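K.L.:
For reference, the file target06.pdb (PDB, C-alpha atoms) is included below:
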```
MODEL        1
ATOM      1  CA  GLN A 265      -5.452  25.636  47.651
ATOM      2  CA  ALA A 266      -3.467  22.866  49.306
ATOM      3  CA  GLY A 267      -0.273  22.054  47.475
ATOM      4  CA  THR A 268      -0.084  25.346  45.587
ATOM      5  CA  LEU A 269       3.389  26.915  45.617
ATOM      6  CA  SER A 270       3.659  30.481  46.843
ATOM      7  CA  TYR A 271       5.773  33.097  45.086
ATOM      8  CA  LEU A 272       8.297  32.799  47.960
ATOM      9  CA  GLU A 273       9.041  29.153  47.185
ATOM     10  CA  TYR A 274      11.205  27.575  44.500
ATOM     11  CA  PRO A 275      11.084  27.975  41.564
ATOM     12  CA  PHE A 276       9.240  31.291  41.838
ATOM     13  CA  ASN A 277      11.812  32.765  44.218
ATOM     14  CA  THR A 278      14.559  32.628  41.526
ATOM     15  CA  GLU A 279      15.282  35.142  38.799
ATOM     16  CA  ASN A 280      14.164  32.946  35.873
ATOM     17  CA  GLU A 281      11.512  31.085  37.905
ATOM     18  CA  GLY A 282      13.010  27.658  37.096
ATOM     19  CA  VAL A 283      12.764  27.965  33.312
ATOM     20  CA  ALA A 284      16.357  26.790  32.728
ATOM     21  CA  PRO A 285      16.106  23.437  34.572
ATOM     22  CA  LEU A 286      12.655  22.858  33.062
ATOM     23  CA  ARG A 287      14.100  23.455  29.596
ATOM     24  CA  LYS A 288      16.981  21.058  30.355
ATOM     25  CA  PHE A 289      14.555  18.391  31.540
ATOM     26  CA  ALA A 290      12.432  18.745  28.375
ATOM     27  CA  ASN A 291      15.518  18.469  26.155
ATOM     28  CA  ASP A 292      16.742  15.419  28.066
ATOM     29  CA  VAL A 293      13.378  13.696  27.570
ATOM     30  CA  ARG A 294      13.283  14.603  23.878
ATOM     31  CA  THR A 295      16.843  13.499  23.100
ATOM     32  CA  GLY A 296      16.680  10.420  25.295
ATOM     33  CA  HIS A 297      13.452   9.170  23.701
ATOM     34  CA  PHE A 298      13.814   9.711  19.949
ATOM     35  CA  VAL A 299      10.354   8.489  18.934
ATOM     36  CA  LEU A 300       8.703  10.721  21.557
ATOM     37  CA  GLY A 301      10.728  13.707  20.398
ATOM     38  CA  ALA A 302       9.944  13.020  16.735
ATOM     39  CA  GLY A 303       6.253  12.946  17.604
ATOM     40  CA  ILE A 304       6.432  16.235  19.502
ATOM     41  CA  PHE A 305       8.058  18.083  16.615
ATOM     42  CA  GLY A 306       6.703  16.215  13.584
ATOM     43  CA  GLY A 307       3.413  14.646  14.653
ATOM     44  CA  LYS A 308       2.175  11.049  14.465
ATOM     45  CA  ASP A 309       3.754  10.261  11.098
ATOM     46  CA  ALA A 310       7.176  11.367  12.297
ATOM     47  CA  ALA A 311       6.801   9.237  15.428
ATOM     48  CA  LYS A 312       5.945   6.178  13.313
ATOM     49  CA  ARG A 313       8.930   6.769  11.039
ATOM     50  CA  GLY A 314      11.117   7.213  14.090
ATOM     51  CA  GLN A 315      10.542   3.564  14.966
ATOM     52  CA  VAL A 316      12.452   2.512  11.843
ATOM     53  CA  GLY A 317      16.234   2.153  11.870
ATOM     54  CA  ASN A 318      16.494   2.327  15.645
ATOM     55  CA  GLY A 319      18.911  -0.587  15.920
ATOM     56  CA  HIS A 320      16.316  -3.058  17.206
ATOM     57  CA  ALA A 321      15.931  -6.136  14.997
ATOM     58  CA  LYS A 322      12.479  -6.919  13.630
ATOM     59  CA  THR A 323      10.623  -9.906  15.005
ATOM     60  CA  LEU A 324       9.630 -11.102  11.523
ATOM     61  CA  VAL A 325      12.501 -11.153   9.027
ATOM     62  CA  ALA A 326      12.409 -13.043   5.730
ATOM     63  CA  ALA A 327      14.985 -15.834   5.774
ATOM     64  CA  GLY A 328      14.822 -16.248   1.997
ATOM     65  CA  LEU A 329      12.533 -16.464  -1.011
ATOM     66  CA  TYR A 330       8.892 -17.332  -0.372
ATOM     67  CA  ASP A 331       9.307 -17.105   3.384
ATOM     68  CA  LEU A 332       7.383 -13.934   4.221
ATOM     69  CA  PHE A 333       4.524 -12.505   2.152
ATOM     70  CA  GLN A 334       3.141  -8.979   2.491
ATOM     71  CA  LEU A 335      -0.312  -8.059   1.152
ATOM     72  CA  ASP A 336      -1.958  -4.680   0.813
ATOM     73  CA  GLU A 337      -4.446  -2.720  -1.303
ATOM     74  CA  HIS A 338      -3.778   0.476  -3.234
ATOM     75  CA  THR A 339      -6.251   2.775  -4.950
ATOM     76  CA  ILE A 340      -4.858   3.175  -8.461
ATOM     77  CA  ASP A 341      -4.268   6.822  -9.348
ATOM     78  CA  LEU A 342      -5.956   6.559 -12.751
ATOM     79  CA  ILE A 343      -9.406   7.195 -14.208
ATOM     80  CA  GLY A 344     -10.640   4.796 -16.878
ATOM     81  CA  THR A 345     -13.788   4.821 -18.969
ATOM     82  CA  ALA A 346     -16.398   2.361 -20.204
ATOM     83  CA  VAL A 347     -18.842   2.561 -23.098
ATOM     84  CA  ILE A 348     -22.479   2.475 -22.002
ATOM     85  CA  GLU A 349     -25.249   1.718 -24.491
ATOM     86  CA  THR A 350     -28.329   3.985 -24.165
ATOM     87  CA  PRO A 351     -31.499   4.403 -26.256
ATOM     88  CA  LYS A 352     -29.853   7.461 -27.795
ATOM     89  CA  GLY A 353     -26.620   5.682 -28.636
ATOM     90  CA  SER A 354     -23.300   4.896 -26.995
ATOM     91  CA  ILE A 355     -21.748   7.193 -24.416
ATOM     92  CA  ARG A 356     -18.369   6.952 -22.719
ATOM     93  CA  VAL A 357     -18.394   7.557 -18.978
ATOM     94  CA  PRO A 358     -15.522   7.768 -16.468
ATOM     95  CA  LEU A 359     -15.291   5.010 -13.867
ATOM     96  CA  GLN A 360     -14.366   5.234 -10.226
ATOM     97  CA  ARG A 361     -10.728   4.468  -9.532
ATOM     98  CA  MET A 362      -9.722   0.827  -9.473
ATOM     99  CA  THR A 363      -8.094  -0.936  -6.535
ATOM    100  CA  LEU A 364      -4.909  -2.971  -6.889
ATOM    101  CA  VAL A 365      -4.475  -5.835  -4.411
ATOM    102  CA  LEU A 366      -0.886  -7.000  -4.414
ATOM    103  CA  VAL A 367       1.222  -9.704  -2.772
ATOM    104  CA  ALA A 368       4.925  -8.983  -2.277
ATOM    105  CA  ASP A 369       7.615 -11.479  -1.339
ATOM    106  CA  ALA A 370       9.748  -9.789   1.323
ATOM    107  CA  GLY A 371      12.709 -12.109   0.737
ATOM    108  CA  GLY A 372      12.971 -11.611  -3.014
ATOM    109  CA  GLN A 373      11.292  -8.175  -3.049
ATOM    110  CA  GLY A 374       9.204  -9.265  -6.019
ATOM    111  CA  ILE A 375       5.511  -9.801  -6.796
ATOM    112  CA  PRO A 376       4.114 -13.357  -6.738
ATOM    113  CA  GLY A 377       0.673 -12.140  -7.833
ATOM    114  CA  TYR A 378      -1.953  -9.404  -7.906
ATOM    115  CA  TYR A 379      -5.605  -8.706  -8.649
ATOM    116  CA  VAL A 380      -7.413  -5.574  -9.851
ATOM    117  CA  THR A 381     -10.990  -4.863  -8.812
ATOM    118  CA  LEU A 382     -13.288  -2.166 -10.182
ATOM    119  CA  LYS A 383     -14.224  -1.080  -6.695
ATOM    120  CA  ALA A 384     -13.183   1.791  -4.471
ATOM    121  CA  GLN A 385     -12.381  -0.746  -1.751
ATOM    122  CA  ALA A 386     -11.379  -4.388  -2.092
ATOM    123  CA  SER A 387     -13.561  -7.132  -0.632
ATOM    124  CA  ALA A 388     -12.545 -10.330   1.149
ATOM    125  CA  GLU A 389     -13.196 -12.244  -2.074
ATOM    126  CA  ASP A 390     -10.792  -9.937  -3.934
ATOM    127  CA  VAL A 391      -8.085 -10.683  -1.375
ATOM    128  CA  VAL A 392      -8.677 -14.426  -1.706
ATOM    129  CA  LEU A 393      -8.439 -14.170  -5.514
ATOM    130  CA  THR A 394      -5.183 -12.240  -5.176
ATOM    131  CA  LEU A 395      -3.634 -14.985  -3.060
ATOM    132  CA  SER A 396      -4.960 -17.611  -5.467
ATOM    133  CA  ASN A 397      -3.220 -15.787  -8.324
ATOM    134  CA  ALA A 398      -0.001 -15.661  -6.293
ATOM    135  CA  ILE A 399      -0.027 -19.328  -5.280
ATOM    136  CA  GLY A 400      -1.108 -20.663  -8.666
ATOM    137  CA  LEU A 401      -2.732 -23.964  -7.652
ATOM    138  CA  ASN A 402      -5.812 -23.224  -9.755
ATOM    139  CA  PRO A 403      -4.738 -23.536 -13.443
ATOM    140  CA  SER A 404      -7.108 -20.696 -14.414
ATOM    141  CA  HIS A 405      -5.340 -18.365 -11.971
ATOM    142  CA  ILE A 406      -1.840 -18.883 -13.377
ATOM    143  CA  TRP A 407      -0.684 -15.701 -15.082
ATOM    144  CA  LYS A 408      -0.740 -15.472 -18.880
ATOM    145  CA  PRO A 409       0.384 -12.522 -21.029
ATOM    146  CA  ARG A 410      -2.493 -10.232 -21.919
ATOM    147  CA  ASP A 411      -3.477  -9.646 -25.529
ATOM    148  CA  LEU A 412      -2.359  -6.042 -25.282
ATOM    149  CA  ILE A 413      -4.604  -3.339 -26.732
ATOM    150  CA  VAL A 414      -2.066  -0.536 -26.256
ATOM    151  CA  ASN A 415       0.312  -0.793 -29.199
ATOM    152  CA  TYR A 416       3.265   0.929 -27.534
ATOM    153  CA  LEU A 417       3.343  -1.497 -24.602
ATOM    154  CA  SER A 418       5.257  -4.768 -24.667
ATOM    155  CA  TYR A 419       6.468  -7.369 -22.205
ATOM    156  CA  LYS A 420      10.179  -7.784 -21.703
ATOM    157  CA  GLU A 421      11.576 -11.061 -22.995
ATOM    158  CA  GLY A 422      11.089 -13.782 -20.387
ATOM    159  CA  ALA A 423       8.783 -11.619 -18.261
ATOM    160  CA  GLY A 424       6.108 -13.250 -16.176
ATOM    161  CA  PHE A 425       4.938 -13.935 -12.661
ATOM    162  CA  PRO A 426       6.683 -16.685 -10.661
ATOM    163  CA  THR A 427       4.164 -19.519 -11.053
ATOM    164  CA  ALA A 428       4.018 -18.894 -14.819
ATOM    165  CA  VAL A 429       7.791 -18.841 -15.320
ATOM    166  CA  PHE A 430       8.665 -21.530 -12.745
ATOM    167  CA  PRO A 431       6.051 -24.332 -12.587
ATOM    168  CA  GLN A 432       7.877 -25.727  -9.520
ATOM    169  CA  LEU A 433       6.514 -22.779  -7.509
ATOM    170  CA  ARG A 434       2.860 -23.612  -8.122
ATOM    171  CA  GLY A 435       1.284 -24.200  -4.740
ATOM    172  CA  ALA A 436       4.147 -22.596  -2.821
ATOM    173  CA  CYS A 437       3.434 -19.758  -0.412
ATOM    174  CA  GLY A 438       5.034 -17.884   2.451
ATOM    175  CA  ALA A 439       5.335 -19.186   5.989
ATOM    176  CA  ALA A 440       3.651 -15.985   7.189
ATOM    177  CA  LEU A 441       1.397 -13.363   5.624
ATOM    178  CA  MET A 442       1.688  -9.774   6.854
ATOM    179  CA  LEU A 443      -1.431  -7.574   6.644
ATOM    180  CA  ASP A 444      -2.676  -4.302   8.036
ATOM    181  CA  ASN A 445      -5.724  -3.981  10.270
ATOM    182  CA  ALA A 446      -8.258  -3.230   7.532
ATOM    183  CA  THR A 447     -11.661  -4.748   8.241
ATOM    184  CA  VAL A 448     -11.482  -6.966   5.167
ATOM    185  CA  HIS A 449      -8.371  -8.668   6.577
ATOM    186  CA  TRP A 450     -10.283  -9.813   9.667
ATOM    187  CA  SER A 451     -12.978 -11.547   7.634
ATOM    188  CA  ASN A 452     -13.945 -15.206   7.885
ATOM    189  CA  ALA A 453     -12.692 -15.639   4.325
ATOM    190  CA  MET A 454      -9.187 -14.723   5.455
ATOM    191  CA  MET A 455      -9.239 -16.859   8.572
ATOM    192  CA  ASP A 456     -10.955 -19.927   7.122
ATOM    193  CA  ARG A 457     -10.046 -20.015   3.444
ATOM    194  CA  VAL A 458      -6.565 -18.541   3.576
ATOM    195  CA  SER A 459      -5.100 -19.517   6.916
ATOM    196  CA  ASP A 460      -6.575 -23.024   7.091
ATOM    197  CA  ARG A 461      -5.973 -23.969   3.471
ATOM    198  CA  THR A 462      -2.475 -22.525   2.996
ATOM    199  CA  GLY A 463      -1.065 -22.912   6.502
ATOM    200  CA  MET A 464       0.328 -19.372   6.431
ATOM    201  CA  ALA A 465       0.482 -17.647   9.809
ATOM    202  CA  ILE A 466      -1.385 -14.334   9.553
ATOM    203  CA  ASN A 467       0.264 -11.325  11.160
ATOM    204  CA  TRP A 468      -1.735  -8.091  11.290
ATOM    205  CA  GLY A 469       0.968  -5.983  12.894
ATOM    206  CA  PRO A 470       0.509  -2.775  14.918
ATOM    207  CA  VAL A 471      -2.232  -0.350  13.931
ATOM    208  CA  ALA A 472      -1.186   2.434  11.501
ATOM    209  CA  THR A 473       2.339   1.081  11.073
ATOM    210  CA  TRP A 474       2.780   0.714   7.312
ATOM    211  CA  VAL A 475       6.569   0.463   7.644
ATOM    212  CA  ARG A 476       6.099  -3.121   8.854
ATOM    213  CA  ARG A 477       5.124  -3.929   5.239
ATOM    214  CA  ASN A 478       7.836  -1.837   3.642
ATOM    215  CA  VAL A 479       8.328  -4.009   0.541
ATOM    216  CA  VAL A 480       4.735  -3.943  -0.710
ATOM    217  CA  GLU A 481       4.463  -0.213   0.086
ATOM    218  CA  ALA A 482       7.687   0.492  -1.846
ATOM    219  CA  ILE A 483       6.362  -1.435  -4.853
ATOM    220  CA  PHE A 484       3.194   0.691  -4.861
ATOM    221  CA  GLY A 485       5.386   3.798  -4.928
ATOM    222  CA  ILE A 486       7.451   2.482  -7.836
ATOM    223  CA  LEU A 487       4.372   1.533  -9.860
ATOM    224  CA  ALA A 488       2.902   5.005  -9.361
ATOM    225  CA  LYS A 489       6.127   6.837 -10.200
ATOM    226  CA  ARG A 490       7.130   4.757 -13.231
ATOM    227  CA  GLY A 491       3.678   4.082 -14.627
ATOM    228  CA  PHE A 492       0.460   5.560 -13.293
ATOM    229  CA  HIS A 493       1.530   9.167 -12.700
ATOM    230  CA  ARG A 494       2.912   9.488 -16.235
ATOM    231  CA  LEU A 495      -0.489   9.228 -17.860
ATOM    232  CA  PRO A 496      -2.828  12.166 -18.649
ATOM    233  CA  ASN A 497      -5.694  10.501 -16.776
ATOM    234  CA  SER A 498      -3.685  10.265 -13.546
ATOM    235  CA  THR A 499      -5.249  11.655 -10.386
ATOM    236  CA  GLY A 500      -1.761  12.149  -8.936
ATOM    237  CA  ARG A 501      -1.142  12.058  -5.225
ATOM    238  CA  GLY A 502      -3.810  14.616  -4.421
ATOM    239  CA  PRO A 503      -5.697  17.698  -5.646
ATOM    240  CA  LYS A 504      -2.548  19.862  -5.633
ATOM    241  CA  ASP A 505      -0.334  17.371  -7.498
ATOM    242  CA  PRO A 506       0.930  18.954 -10.785
ATOM    243  CA  HIS A 507       0.397  15.567 -12.495
ATOM    244  CA  ARG A 508      -3.347  16.053 -12.002
ATOM    245  CA  THR A 509      -4.907  17.866 -14.976
ATOM    246  CA  ASN A 510      -8.622  17.031 -14.992
ATOM    247  CA  PRO A 511      -8.120  13.244 -15.234
ATOM    248  CA  ALA A 512     -11.806  12.314 -15.720
ATOM    249  CA  ALA A 513     -12.193  14.679 -18.691
ATOM    250  CA  ASN A 514      -8.902  13.504 -20.189
ATOM    251  CA  ALA A 515      -9.985   9.876 -19.869
ATOM    252  CA  VAL A 516     -13.192  10.604 -21.828
ATOM    253  CA  ILE A 517     -11.611  12.895 -24.441
ATOM    254  CA  LEU A 518      -8.702  10.500 -25.096
ATOM    255  CA  LEU A 519     -10.990   7.418 -25.080
ATOM    256  CA  ILE A 520      -8.925   5.675 -22.400
ATOM    257  CA  ASP A 521     -10.684   2.374 -21.788
ATOM    258  CA  PHE A 522     -10.227   0.607 -18.455
ATOM    259  CA  GLU A 523      -8.993  -2.487 -20.342
ATOM    260  CA  GLU A 524      -6.083  -0.371 -21.576
ATOM    261  CA  LEU A 525      -5.302   0.518 -17.975
ATOM    262  CA  LEU A 526      -5.225  -3.182 -17.129
ATOM    263  CA  ASP A 527      -2.596  -3.538 -19.883
ATOM    264  CA  VAL A 528      -0.496  -0.791 -18.287
ATOM    265  CA  ILE A 529      -0.797  -2.334 -14.817
ATOM    266  CA  ASP A 530       0.191  -5.800 -16.013
ATOM    267  CA  VAL A 531       3.208  -4.680 -18.053
ATOM    268  CA  VAL A 532       4.560  -2.210 -15.497
TER     269      VAL A 532
ENDMDL
END
```
Please rewrite the model in this file as structure tokens.

P.N.:
Amino acid sequence: QAGTLSYLEYPFNTENEGVAPLRKFANDVRTGHFVLGAGIFGGKDAAKRGQVGNGHAKTLVAAGLYDLFQLDEHTIDLIGTAVIETPKGSIRVPLQRMTLVLVADAGGQGIPGYYVTLKAQASAEDVVLTLSNAIGLNPSHIWKPRDLIVNYLSYKEGAGFPTAVFPQLRGACGAALMLDNATVHWSNAMMDRVSDRTGMAINWGPVATWVRRNVVEAIFGILAKRGFHRLPNSTGRGPKDPHRTNPAANAVILLIDFEELLDVIDVV
């Protein structure tokens, strides 16, 4: 075929058939392009992580408190139960895992507000309610301490979400709201009700780049480690997690009601 090298031409006419310069070229590419090299050796996740800490400043950086909001959803690693009335009496059944929708303030690295939905996946309405809880313009959406069912839980003195503790913050929101590319975040509810009414600029960020919303992702990790994964009805981080010991059965046997889980979420 035209263009095919014969065995008499370089590199086939050398002892190692050009392996050494090819190896040098591959190493130069790998070391000169860190993200590419990380992807070759560690896969897509390693390549994404390689984009962090590379010396290039982020485009969106929080200048202070209530400047940059980050919002995301997290499937809570717990199984709760509910009592169902039947003709033969009451039975307790396990529920699907709840979803926590949370707003984080990148400047203060705190939580202006959250919302829990008894769904496997949050809806656009759930996201709107979360932001309403965070902004606190609606008096019914301003946080109040729960009447705790779990007797070993208690709020720390002075604890509360920003709009409850500081009335001056009611109605305040970030200049920009960072989201991922989940379908719910592209809904008309987000564009019309959130963007138009709050004035926040919505930034979806690159696809599959969770590190852009590092604060809200870190908070999810802390909540799981310090709260959710300590309970006997925890699903852990996966089927092989040692924290996972038949969570659905434990939830039923120990009579863990989903309202008790809401207590844990709020306090933690």

K.L.:
Since I can't run it myself right now, could you work out what the PyMOL selection byres ((chain A and resi 464) around 6) selects here and report it as a list in words?

P.N.:
Ala439, Ala440, Ser459, Thr462, Gly463 and Ala465 of chain A

K.L.:
Can you work out which one of A:Ala482, A:Ala326, A:Val347, A:Val528 has the shortest atom-to-atom distance to Val414 of chain A, counting all atoms listed in the file?

P.N.:
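Of A:Ala482, A:Ala326, A:Val347, A:Val528, the one nearest Val414 of chain A, counting all atoms listed in the file, is A:Val528.
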
K.L.:
Assuming the chain letters and numbering stay as they are in my file, what does the PyMOL selection byres ((chain A and resi 390-402) around 7) actually select? List them as a PyMOL selection string.

P.N.:
chain A and resi 365-366+376-379+386-389+403-406+427+434-437

K.L.:
Provide the atom CA of Gly424 of chain A to atom CA of Gly491 of chain A distance in Å, to one decimal place.

P.N.:
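Separation between atom CA of Gly424 of chain A and atom CA of Gly491 of chain A: 17.6 Å.
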
K.L.:
Figure out the distance between atom CA of Asp527 of chain A and atom CA of Arg490 of chain A, please, to one decimal in Å.

P.N.:
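The value is 14.4 Å.
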
K.L.:
Record the distance separating atom CA of Ala453 of chain A and atom CA of Val531 of chain A, expressed in Å with one decimal.

P.N.:
29.6 Å
